[in-house]
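Structure file model.json (JSON, C-alpha atoms and all ligand atoms) follows.
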```
[["chain", "number", "residue", "atom", "x", "y", "z"],
["O", 1, "MET", "CA", 247.92, 122.39, 38.74],
["O", 2, "SER", "CA", 250.90, 120.56, 37.32],
["O", 3, "ASP", "CA", 253.08, 122.40, 34.82],
["O", 4, "PRO", "CA", 253.45, 120.44, 31.58],
["O", 5, "ARG", "CA", 256.18, 122.64, 30.15],
["O", 6, "GLU", "CA", 259.85, 121.83, 30.54],
["O", 7, "TRP", "CA", 261.42, 125.19, 31.49],
["O", 8, "GLY", "CA", 264.98, 123.97, 31.72],
["O", 9, "PHE", "CA", 266.70, 122.62, 28.65],
["O", 10, "VAL", "CA", 266.73, 118.81, 28.35],
["O", 11, "ALA", "CA", 268.54, 117.18, 25.42],
["O", 12, "ASP", "CA", 266.24, 114.16, 25.33],
["O", 13, "MET", "CA", 262.99, 116.12, 25.14],
["O", 14, "ASN", "CA", 260.69, 113.29, 24.14],
["O", 15, "CYS", "CA", 262.19, 111.03, 26.86],
["O", 16, "SER", "CA", 262.98, 108.31, 24.31],
["O", 17, "GLY", "CA", 266.20, 107.40, 26.11],
["O", 18, "SER", "CA", 268.45, 108.90, 23.43],
["O", 19, "THR", "CA", 268.85, 112.20, 21.61],
["O", 20, "THR", "CA", 267.50, 111.92, 18.09],
["O", 21, "ILE", "CA", 266.37, 114.16, 15.24],
["O", 22, "SER", "CA", 262.89, 114.36, 16.82],
["O", 23, "ASP", "CA", 264.50, 115.99, 19.83],
["O", 24, "VAL", "CA", 266.13, 118.63, 17.63],
["O", 25, "TRP", "CA", 262.70, 119.61, 16.35],
["O", 26, "LEU", "CA", 261.46, 119.78, 19.95],
["O", 27, "TRP", "CA", 264.46, 121.90, 20.99],
["O", 28, "PHE", "CA", 263.58, 124.38, 18.33],
["O", 29, "LYS", "CA", 259.96, 124.47, 19.41],
["O", 30, "TRP", "CA", 261.00, 124.71, 23.05],
["O", 31, "LEU", "CA", 263.15, 127.74, 22.27],
["O", 32, "CYS", "CA", 260.75, 129.52, 19.88],
["O", 33, "PHE", "CA", 257.78, 129.38, 22.20],
["O", 34, "TYR", "CA", 259.75, 130.18, 25.33],
["O", 35, "PRO", "CA", 258.86, 133.91, 25.57],
["O", 36, "GLY", "CA", 255.18, 133.35, 24.75],
["O", 37, "ASP", "CA", 254.87, 130.43, 27.14],
["O", 38, "TYR", "CA", 256.65, 132.39, 29.82],
["O", 39, "LEU", "CA", 254.09, 135.17, 29.52],
["O", 40, "LEU", "CA", 251.33, 132.56, 29.86],
["O", 41, "TYR", "CA", 253.10, 131.13, 32.90],
["O", 42, "TYR", "CA", 253.25, 134.59, 34.41],
["O", 43, "LEU", "CA", 249.55, 135.22, 33.75],
["O", 44, "ILE", "CA", 248.48, 131.85, 35.15],
["O", 45, "HIS", "CA", 250.50, 132.25, 38.34],
["O", 46, "SER", "CA", 250.44, 135.99, 39.01],
["O", 47, "ARG", "CA", 247.17, 137.12, 37.40],
["O", 48, "PRO", "CA", 244.93, 134.04, 37.74],
["O", 49, "GLU", "CA", 241.68, 136.03, 37.32],
["O", 50, "PHE", "CA", 242.92, 137.56, 34.11],
["O", 51, "ALA", "CA", 244.20, 134.19, 32.84],
["O", 52, "ALA", "CA", 240.81, 132.67, 33.67],
["O", 53, "PHE", "CA", 239.06, 135.48, 31.82],
["O", 54, "LEU", "CA", 241.18, 134.79, 28.71],
["O", 55, "GLU", "CA", 240.62, 131.05, 29.26],
["O", 56, "ILE", "CA", 244.36, 130.49, 29.47],
["O", 57, "THR", "CA", 245.60, 127.31, 31.10],
["O", 58, "CYS", "CA", 248.81, 125.27, 30.95],
["O", 59, "ASN", "CA", 247.30, 123.56, 27.90],
["O", 60, "ASN", "CA", 247.89, 126.75, 25.92],
["O", 61, "TYR", "CA", 251.67, 126.33, 26.07],
["O", 62, "GLY", "CA", 253.10, 126.16, 22.57],
["O", 63, "GLY", "CA", 249.75, 127.19, 21.11],
["O", 64, "VAL", "CA", 248.32, 130.04, 19.08],
["O", 65, "PHE", "CA", 248.53, 132.58, 21.91],
["O", 66, "SER", "CA", 252.22, 131.89, 22.53],
["O", 67, "GLY", "CA", 252.82, 132.03, 18.79],
["O", 68, "ILE", "CA", 251.23, 135.47, 18.55],
["O", 69, "VAL", "CA", 253.23, 136.79, 21.51],
["O", 70, "VAL", "CA", 256.52, 135.62, 20.00],
["O", 71, "PHE", "CA", 255.48, 136.95, 16.60],
["O", 72, "VAL", "CA", 254.86, 140.41, 18.09],
["O", 73, "ILE", "CA", 258.24, 140.30, 19.88],
["O", 74, "ILE", "CA", 260.01, 139.39, 16.61],
["O", 75, "MET", "CA", 258.26, 142.23, 14.79],
["O", 76, "ALA", "CA", 259.27, 144.63, 17.57],
["O", 77, "ILE", "CA", 262.89, 143.54, 17.19],
["O", 78, "ARG", "CA", 262.77, 143.63, 13.41],
["O", 79, "TYR", "CA", 261.40, 147.13, 13.13],
["O", 80, "PRO", "CA", 264.51, 149.06, 14.26],
["O", 81, "ILE", "CA", 266.79, 146.66, 12.35],
["O", 82, "ASP", "CA", 264.74, 147.15, 9.19],
["O", 83, "ARG", "CA", 264.87, 150.88, 9.61],
["O", 84, "TYR", "CA", 268.59, 150.74, 10.10],
["O", 85, "THR", "CA", 269.29, 148.56, 7.07],
["O", 86, "ASN", "CA", 266.85, 150.51, 4.90],
["O", 87, "TYR", "CA", 268.58, 153.70, 5.88],
["O", 88, "HIS", "CA", 271.87, 152.28, 4.70],
["O", 89, "LYS", "CA", 270.39, 150.84, 1.52],
["O", 90, "LYS", "CA", 268.85, 154.19, 0.71],
["O", 91, "GLN", "CA", 272.15, 155.91, 1.24],
["O", 92, "ILE", "CA", 273.87, 153.46, -1.08],
["O", 93, "THR", "CA", 271.34, 153.83, -3.90],
["O", 94, "GLU", "CA", 271.22, 157.59, -3.52],
["O", 95, "ASN", "CA", 274.88, 158.43, -3.78],
["O", 96, "GLN", "CA", 276.94, 155.21, -3.78],
["O", 97, "ASN", "CA", 278.46, 156.47, -0.56],
["O", 98, "VAL", "CA", 277.86, 155.52, 3.04],
["O", 99, "ASP", "CA", 278.67, 157.13, 6.34],
["O", 100, "CYS", "CA", 281.74, 155.89, 8.16],
["O", 101, "TYR", "CA", 280.70, 153.96, 11.28],
["O", 102, "TYR", "CA", 282.96, 156.11, 13.40],
["O", 103, "CYS", "CA", 283.49, 159.60, 12.08],
["O", 104, "LYS", "CA", 280.31, 159.73, 9.92],
["O", 105, "GLU", "CA", 282.19, 161.18, 6.97],
["O", 106, "LYS", "CA", 281.13, 159.99, 3.51],
["O", 107, "ILE", "CA", 283.11, 157.05, 2.22],
["O", 108, "LYS", "CA", 282.71, 154.62, -0.70],
["O", 109, "GLN", "CA", 280.24, 151.85, 0.11],
["O", 110, "ASN", "CA", 282.81, 149.07, -0.37],
["O", 111, "ALA", "CA", 285.58, 150.78, 1.56],
["O", 112, "LYS", "CA", 287.17, 148.57, 4.19],
["O", 113, "ILE", "CA", 288.97, 151.43, 5.86],
["O", 114, "CYS", "CA", 287.71, 154.96, 6.29],
["O", 115, "PHE", "CA", 289.62, 157.44, 4.21],
["O", 116, "HIS", "CA", 289.08, 160.15, 6.84],
["O", 117, "CYS", "CA", 289.66, 158.52, 10.21],
["O", 118, "GLY", "CA", 291.37, 155.24, 9.26],
["O", 119, "HIS", "CA", 288.90, 152.98, 11.10],
["O", 120, "TYR", "CA", 288.02, 149.52, 9.80],
["O", 121, "GLN", "CA", 284.38, 149.33, 8.70],
["O", 122, "LYS", "CA", 282.52, 146.48, 10.32],
["O", 123, "LYS", "CA", 281.08, 144.66, 7.34],
["O", 124, "ARG", "CA", 280.19, 141.81, 9.63],
["O", 125, "ILE", "CA", 277.68, 143.96, 11.49],
["O", 126, "GLN", "CA", 275.92, 144.79, 8.24],
["O", 127, "TRP", "CA", 275.93, 141.13, 7.26],
["O", 128, "PHE", "CA", 274.62, 140.14, 10.69],
["O", 129, "ASN", "CA", 271.76, 142.64, 10.41],
["O", 130, "GLN", "CA", 270.60, 141.07, 7.17],
["O", 131, "TYR", "CA", 271.15, 137.56, 8.45],
["O", 132, "ILE", "CA", 269.09, 138.17, 11.59],
["O", 133, "ASN", "CA", 266.25, 139.38, 9.40],
["O", 134, "HIS", "CA", 266.16, 136.07, 7.54],
["O", 135, "VAL", "CA", 266.20, 134.20, 10.84],
["O", 136, "ALA", "CA", 263.32, 136.33, 12.13],
["O", 137, "THR", "CA", 261.28, 135.64, 8.99],
["O", 138, "PHE", "CA", 262.00, 131.93, 9.23],
["O", 139, "ILE", "CA", 260.97, 131.77, 12.90],
["O", 140, "SER", "CA", 257.80, 133.76, 12.19],
["O", 141, "ILE", "CA", 256.73, 131.32, 9.49],
["O", 142, "PHE", "CA", 257.70, 128.36, 11.63],
["O", 143, "LEU", "CA", 255.60, 129.69, 14.53],
["O", 144, "LEU", "CA", 252.57, 130.17, 12.32],
["O", 145, "VAL", "CA", 252.86, 126.64, 10.98],
["O", 146, "VAL", "CA", 253.33, 125.08, 14.42],
["O", 147, "ALA", "CA", 250.54, 127.15, 15.97],
["O", 148, "TYR", "CA", 248.17, 126.12, 13.18],
["O", 149, "TRP", "CA", 249.19, 122.49, 13.50],
["O", 150, "GLN", "CA", 248.72, 122.56, 17.29],
["O", 151, "TYR", "CA", 245.36, 124.21, 16.85],
["O", 152, "ASN", "CA", 244.24, 121.40, 14.53],
["O", 153, "GLU", "CA", 245.59, 118.75, 16.91],
["O", 154, "ALA", "CA", 243.71, 120.31, 19.82],
["O", 155, "LYS", "CA", 240.56, 120.49, 17.71],
["O", 156, "LYS", "CA", 240.89, 116.83, 16.78],
["O", 157, "GLU", "CA", 241.42, 115.89, 20.41],
["O", 158, "ARG", "CA", 238.34, 117.81, 21.47],
["O", 159, "GLU", "CA", 236.29, 116.12, 18.77],
["O", 160, "ASP", "CA", 237.61, 112.70, 19.78],
["O", 161, "ALA", "CA", 236.78, 113.40, 23.41],
["O", 162, "LYS", "CA", 233.29, 114.50, 22.40],
["O", 163, "LYS", "CA", 232.78, 111.33, 20.36],
["O", 164, "ALA", "CA", 234.02, 109.21, 23.28],
["O", 165, "LEU", "CA", 231.54, 110.96, 25.55],
["O", 166, "GLU", "CA", 228.68, 110.35, 23.13],
["O", 167, "HIS", "CA", 229.54, 106.66, 22.92],
["O", 168, "ALA", "CA", 229.71, 106.30, 26.69],
["B", 1, "ZN", "ZN", 285.87, 157.50, 9.51]]
```

Write the structure described by the file as structure tokens, please.
Amino acid sequence: MSDPREWGFVADMNCSGSTTISDVWLWFKWLCFYPGDYLLYYLIHSRPEFAAFLEITCNNYGGVFSGIVVFVIIMAIRYPIDRYTNYHKKQITENQNVDCYYCKEKIKQNAKICFHCGHYQKKRIQWFNQYINHVATFISIFLLVVAYWQYNEAKKEREDAKKALEHA
């Protein structure tokens, strides 16, 4: 069976001869579905009976199944980050103080340097934690939209094929 997915990164994904905005969209899709598609690839090649049972073929790349897999992975990554940021938020609302990243002594939430140990507080890490959450939400929504769109496309194709068969 030929493998329709491009596993290595190619700038000109739609083979139009040049890199355009359509390729950027395809890059994003290529990246987002990578883990899900890779799991499908693994099932198809290493557990063919199981893949056959689930009716998984190469045609499922970038589809609903891949979308769900990636969605679960994102949720699994988000959970500890959420817990971490919630813990800090709770601390801030409770007593306007946070723990120092290094010595764990109480310091003012906006403090740049710890009053006890003199360490710089890494505000960037806190910012990054929140930022990554927005990215995760965005990718989750994107995956749902693409998966739904692909599902409709596949449905349309099946219907077209059925019509063609009836006409023949
Ligand atoms: Zn400290």

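The gap separating CA of Leu26 in chain O from CA of Asp3 in chain O is 17.3 Å, in Å to one decimal.
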
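The nearest approach to Tyr42 in chain O among the residues O:Glu105, O:Ala11, O:Ile56, O:Ser16, with only C-alpha atoms taken into account, belongs to O:Ile56.
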
Which chain O residues have any atom within 8 Å of an atom of ligand ZN 1 (chain B), and for each, what is the nearest pair of atoms with distance in Å to one decimal, counting all atoms listed in the file, rows sorted by chain and number, as CSV?
```
residue,atom,partner,partner_atom,distance
O:Asp99,CA,B:ZN1,ZN,7.9
O:Cys100,CA,B:ZN1,ZN,4.6
O:Tyr101,CA,B:ZN1,ZN,6.5
O:Tyr102,CA,B:ZN1,ZN,5.1
O:Cys103,CA,B:ZN1,ZN,4.1
O:Lys104,CA,B:ZN1,ZN,6.0
O:Glu105,CA,B:ZN1,ZN,5.8
O:Ile107,CA,B:ZN1,ZN,7.8
O:Ile113,CA,B:ZN1,ZN,7.7
O:Cys114,CA,B:ZN1,ZN,4.5
O:Phe115,CA,B:ZN1,ZN,6.5
O:His116,CA,B:ZN1,ZN,4.9
O:Cys117,CA,B:ZN1,ZN,4.0
O:Gly118,CA,B:ZN1,ZN,6.0
O:His119,CA,B:ZN1,ZN,5.7
```

At most 6 Å from (261.8, 139.1, 12.3), file frame, all atoms listed in the file: which residues, as a PyMOL selection string?
chain O and resi 74-75+78+133+136-137

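Checking O:Gly62, O:Lys90, O:Tyr38, O:Phe128 one by one against Leu143 in chain O, counting only C-alpha atoms, you find the shortest gap at O:Gly62.
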
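Counting only C-alpha atoms, Ser66 in chain O has the following residues at most 9 Å away, ignoring those fewer than 6 positions along the same chain: O:Phe33, O:Tyr34, O:Pro35, O:Gly36, O:Asp37, O:Tyr38, O:Leu39, O:Leu40, O:Asn60, O:Leu143, O:Ala147.
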
Output file for the residues above (C-alpha atoms, as a CSV table (one decimal), keeping the file's coordinate frame):
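Once everything was written out, this is result-v3.csv:
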```csv
chain,number,residue,atom,x,y,z
O,33,PHE,CA,257.8,129.4,22.2
O,34,TYR,CA,259.8,130.2,25.3
O,35,PRO,CA,258.9,133.9,25.6
O,36,GLY,CA,255.2,133.4,24.8
O,37,ASP,CA,254.9,130.4,27.1
O,38,TYR,CA,256.6,132.4,29.8
O,39,LEU,CA,254.1,135.2,29.5
O,40,LEU,CA,251.3,132.6,29.9
O,60,ASN,CA,247.9,126.8,25.9
O,143,LEU,CA,255.6,129.7,14.5
O,147,ALA,CA,250.5,127.2,16.0
```

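Closest approach to Phe9 in chain O from the set O:Val24, O:Val98, O:Ala52, O:Val70 is made by O:Val24, with distances taken over all atoms listed in the file.
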
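Here CA of His134 in chain O is placed at a distance of 17.9 Å from CA of Gly67 in chain O.
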
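Among the candidate residues O:Tyr120, O:Tyr148, O:Tyr79, O:Phe50, the one lying nearest to Ile132 in chain O is O:Tyr79, with distances computed using only C-alpha atoms.
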
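A straight line drawn from CA of Lys156 in chain O to CA of Asp12 in chain O is 26.9 Å long.
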
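Distances here use all atoms listed in the file; by that measure, the residue among O:Ser140, O:Val64, O:Ala111, O:Asp23 closest to Glu153 in chain O is O:Val64.
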